[in-house]
Amino acid sequence: MQEVNVNSKIGHIQIANEVLAIISRTAALEVEGVVFGQHATAAEAHARLTKRNFARGVKATVEGDVVSIDIAIFVKFGHKIHQVSEKVQERVKTALETMVGMTVTEVNVNVVGVQFEKLPKIKPVPRTRG
């Protein structure tokens with residue numbers, strides 16, 4: 001667990017890196033065009049999020065009261081990768097700073113794949129010899 005200092009004499013708050021990763025991943029899923037793993041929709045990805053591996057694909061590095069995030073995403077085909085990635089950076093930074101009160105120094109987005117819509121199966125055309 002990482003320790004986050006509180007500006008009071010009441011005590012301190014400890015937040016696990018996994019919590020920071022969960023917040024980051026959830027924020028990234030809110031960006032249109034982002035999917036994790038082999039899920040066709042953000043709703044399917046969110047459903048998996050609620051089961052296991054909540055922090056999968058996200059690494060949070062904490063030093064003092066600052067955090068840096070490395071996050072791996074899939075982008076839906078047809079979306080502009082650089083625009084989606086920039087929105088992920090903004091959304092993750094805002095979510096962490098708002099919810100945890102830590103300073104986010106960087107959000108590194110690694111696009112590890114492109115998710116295609118499921119295409120209908122095409123029947124092969126028989127070849128004729130002639």
# chains A, B, ... in the order shown; residues from 1 in each chain; ligands from 1
$ residues_around --residues "Gly57 (chain A)" --least-positions-apart "2" --cutoff "9 Å" --atoms "only C-alpha atoms" --output "PyMOL selection string"
chain A and resi 21+25+36+53-55+59+70-73
$ write_last_selection --atoms "N, CA, C and O atoms" --output "compact mmCIF listing (two decimals), in the first residue's frame"
# COMPACT_ATOMS: atom_id res chain seq x y z
N ALA A 21 -5.18 1.90 -9.88
CA ALA A 21 -5.30 1.25 -11.18
C ALA A 21 -6.77 1.05 -11.56
O ALA A 21 -7.15 1.25 -12.72
N ARG A 25 -8.51 2.57 -14.85
CA ARG A 25 -9.12 1.72 -15.87
C ARG A 25 -10.59 2.09 -16.07
O ARG A 25 -11.07 2.17 -17.20
N PHE A 36 -11.05 -3.01 -23.53
CA PHE A 36 -9.96 -3.76 -22.94
C PHE A 36 -10.11 -5.21 -23.37
O PHE A 36 -11.21 -5.75 -23.35
N ASN A 53 -9.61 -9.33 -11.90
CA ASN A 53 -8.54 -8.60 -12.58
C ASN A 53 -8.91 -7.13 -12.81
O ASN A 53 -8.77 -6.61 -13.89
N PHE A 54 -9.40 -6.51 -11.76
CA PHE A 54 -9.86 -5.13 -11.87
C PHE A 54 -8.79 -4.19 -12.40
O PHE A 54 -9.08 -3.24 -13.09
N ALA A 55 -7.55 -4.44 -12.04
CA ALA A 55 -6.47 -3.52 -12.37
C ALA A 55 -5.65 -4.00 -13.56
O ALA A 55 -4.61 -3.43 -13.87
N LYS A 59 -0.66 0.05 -14.61
CA LYS A 59 0.39 0.08 -13.59
C LYS A 59 0.44 1.48 -12.99
O LYS A 59 0.59 2.46 -13.70
N ASP A 70 0.66 3.92 -16.20
CA ASP A 70 0.88 3.27 -17.50
C ASP A 70 -0.35 2.41 -17.74
O ASP A 70 -0.69 1.57 -16.90
N ILE A 71 -1.02 2.65 -18.86
CA ILE A 71 -2.26 1.93 -19.13
C ILE A 71 -2.25 1.40 -20.56
O ILE A 71 -1.84 2.09 -21.49
N ALA A 72 -2.67 0.15 -20.71
CA ALA A 72 -2.74 -0.51 -22.01
C ALA A 72 -4.20 -0.62 -22.43
O ALA A 72 -5.04 -1.07 -21.64
N ILE A 73 -4.50 -0.19 -23.64
CA ILE A 73 -5.88 -0.21 -24.13
C ILE A 73 -5.94 -0.79 -25.54
O ILE A 73 -4.94 -0.85 -26.25
$ residues_around --residues "region 111-118 of chain A" --least-positions-apart "3" --cutoff "7 Å" --atoms "only C-alpha atoms" --output "list in words"
Ala40, Ala72, Ile73, Phe74, Val75, Lys76 and Phe77 of chain A
$ residues_around --residues "His79 (chain A)" --least-positions-apart "4" --cutoff "9 Å" --atoms "only C-alpha atoms" --output "list in words"
Glu32, Gly33, Val75, Gln83 and Val84 of chain A
$ closest_residue --among "A:Leu20, A:Thr98, A:Lys80, A:Arg127" --to "Val58 (chain A)" --atoms "only C-alpha atoms"
A:Leu20
$ atom_distance --atom1 "CA of Val104 (chain A)" --atom2 "CA of Val67 (chain A)"
5.0 Å
$ residues_around --residues "Ser24 (chain A)" --least-positions-apart "4" --cutoff "9 Å" --atoms "only C-alpha atoms" --output "JSON, numbers by chain"
{"A": [19, 20, 28, 29, 55, 58, 60, 69, 71, 88, 91, 92, 93, 95, 96]}
$ write_last_selection --atoms "all heavy atoms" --output "compact mmCIF listing (two decimals), in the first residue's frame"
# COMPACT_ATOMS: atom_id res chain seq x y z
N VAL A 19 -6.11 0.19 -6.20
CA VAL A 19 -7.23 1.13 -6.22
C VAL A 19 -6.98 2.22 -7.25
O VAL A 19 -7.88 2.60 -8.01
CB VAL A 19 -7.46 1.74 -4.82
CG1 VAL A 19 -8.50 2.85 -4.87
CG2 VAL A 19 -7.88 0.66 -3.84
N LEU A 20 -5.76 2.72 -7.30
CA LEU A 20 -5.41 3.73 -8.31
C LEU A 20 -5.57 3.16 -9.71
O LEU A 20 -6.04 3.84 -10.62
CB LEU A 20 -3.98 4.22 -8.09
CG LEU A 20 -3.68 4.84 -6.72
CD1 LEU A 20 -2.20 5.16 -6.60
CD2 LEU A 20 -4.53 6.07 -6.47
N ALA A 28 -10.77 5.25 -18.07
CA ALA A 28 -10.43 5.01 -19.47
C ALA A 28 -11.61 4.40 -20.22
O ALA A 28 -11.86 4.72 -21.38
CB ALA A 28 -9.21 4.11 -19.57
N LEU A 29 -12.34 3.52 -19.56
CA LEU A 29 -13.50 2.88 -20.20
C LEU A 29 -14.61 3.88 -20.52
O LEU A 29 -15.46 3.60 -21.37
CB LEU A 29 -14.06 1.78 -19.30
CG LEU A 29 -13.34 0.45 -19.37
CD1 LEU A 29 -13.85 -0.50 -18.29
CD2 LEU A 29 -13.48 -0.18 -20.74
N ALA A 55 -7.55 -4.44 -12.04
CA ALA A 55 -6.47 -3.52 -12.37
C ALA A 55 -5.65 -4.00 -13.56
O ALA A 55 -4.61 -3.43 -13.87
CB ALA A 55 -5.56 -3.33 -11.16
N VAL A 58 -3.08 -1.97 -16.16
CA VAL A 58 -2.75 -0.65 -15.60
C VAL A 58 -1.67 -0.82 -14.54
O VAL A 58 -1.74 -1.69 -13.69
CB VAL A 58 -3.98 0.01 -14.95
CG1 VAL A 58 -3.63 1.41 -14.45
CG2 VAL A 58 -5.15 0.08 -15.92
N ALA A 60 0.30 1.54 -11.68
CA ALA A 60 0.38 2.82 -10.97
C ALA A 60 1.69 2.86 -10.21
O ALA A 60 2.02 1.95 -9.46
CB ALA A 60 -0.79 2.97 -10.01
N ILE A 69 0.89 6.83 -14.24
CA ILE A 69 0.09 5.70 -14.69
C ILE A 69 0.56 5.23 -16.05
O ILE A 69 0.82 6.04 -16.95
CB ILE A 69 -1.41 6.10 -14.79
CG1 ILE A 69 -1.96 6.55 -13.44
CG2 ILE A 69 -2.25 4.98 -15.40
CD1 ILE A 69 -2.06 5.46 -12.40
N ILE A 71 -1.02 2.65 -18.86
CA ILE A 71 -2.26 1.93 -19.13
C ILE A 71 -2.25 1.40 -20.56
O ILE A 71 -1.84 2.09 -21.49
CB ILE A 71 -3.48 2.85 -18.88
CG1 ILE A 71 -4.79 2.09 -18.99
CG2 ILE A 71 -3.48 4.07 -19.76
CD1 ILE A 71 -5.99 2.83 -18.43
N VAL A 88 -8.11 9.61 -23.05
CA VAL A 88 -7.83 8.70 -21.94
C VAL A 88 -6.91 9.38 -20.94
O VAL A 88 -7.13 9.33 -19.73
CB VAL A 88 -7.23 7.37 -22.44
CG1 VAL A 88 -6.64 6.56 -21.29
CG2 VAL A 88 -8.27 6.56 -23.19
N ARG A 91 -8.92 11.99 -19.01
CA ARG A 91 -9.94 11.39 -18.14
C ARG A 91 -9.31 10.73 -16.92
O ARG A 91 -9.78 10.88 -15.80
CB ARG A 91 -10.76 10.39 -18.94
CG ARG A 91 -11.95 9.80 -18.24
CD ARG A 91 -13.12 10.78 -18.06
NE ARG A 91 -13.60 11.35 -19.28
CZ ARG A 91 -14.68 10.98 -19.95
NH1 ARG A 91 -15.42 10.00 -19.51
NH2 ARG A 91 -15.03 11.59 -21.06
N VAL A 92 -8.22 10.00 -17.14
CA VAL A 92 -7.54 9.31 -16.03
C VAL A 92 -6.95 10.33 -15.06
O VAL A 92 -7.11 10.21 -13.84
CB VAL A 92 -6.46 8.35 -16.56
CG1 VAL A 92 -5.56 7.84 -15.44
CG2 VAL A 92 -7.11 7.18 -17.29
N LYS A 93 -6.29 11.34 -15.58
CA LYS A 93 -5.69 12.38 -14.73
C LYS A 93 -6.76 13.06 -13.88
O LYS A 93 -6.60 13.19 -12.66
CB LYS A 93 -4.96 13.40 -15.60
CG LYS A 93 -4.31 14.55 -14.83
CD LYS A 93 -3.55 15.45 -15.80
CE LYS A 93 -3.04 16.73 -15.19
NZ LYS A 93 -2.28 16.64 -13.99
N ALA A 95 -9.78 11.97 -13.06
CA ALA A 95 -10.40 11.04 -12.11
C ALA A 95 -9.52 10.83 -10.88
O ALA A 95 -9.99 10.88 -9.75
CB ALA A 95 -10.68 9.70 -12.79
N LEU A 96 -8.23 10.61 -11.10
CA LEU A 96 -7.33 10.38 -9.97
C LEU A 96 -7.17 11.62 -9.10
O LEU A 96 -7.21 11.54 -7.87
CB LEU A 96 -5.96 9.90 -10.46
CG LEU A 96 -5.91 8.47 -10.96
CD1 LEU A 96 -4.56 8.19 -11.62
CD2 LEU A 96 -6.16 7.49 -9.83
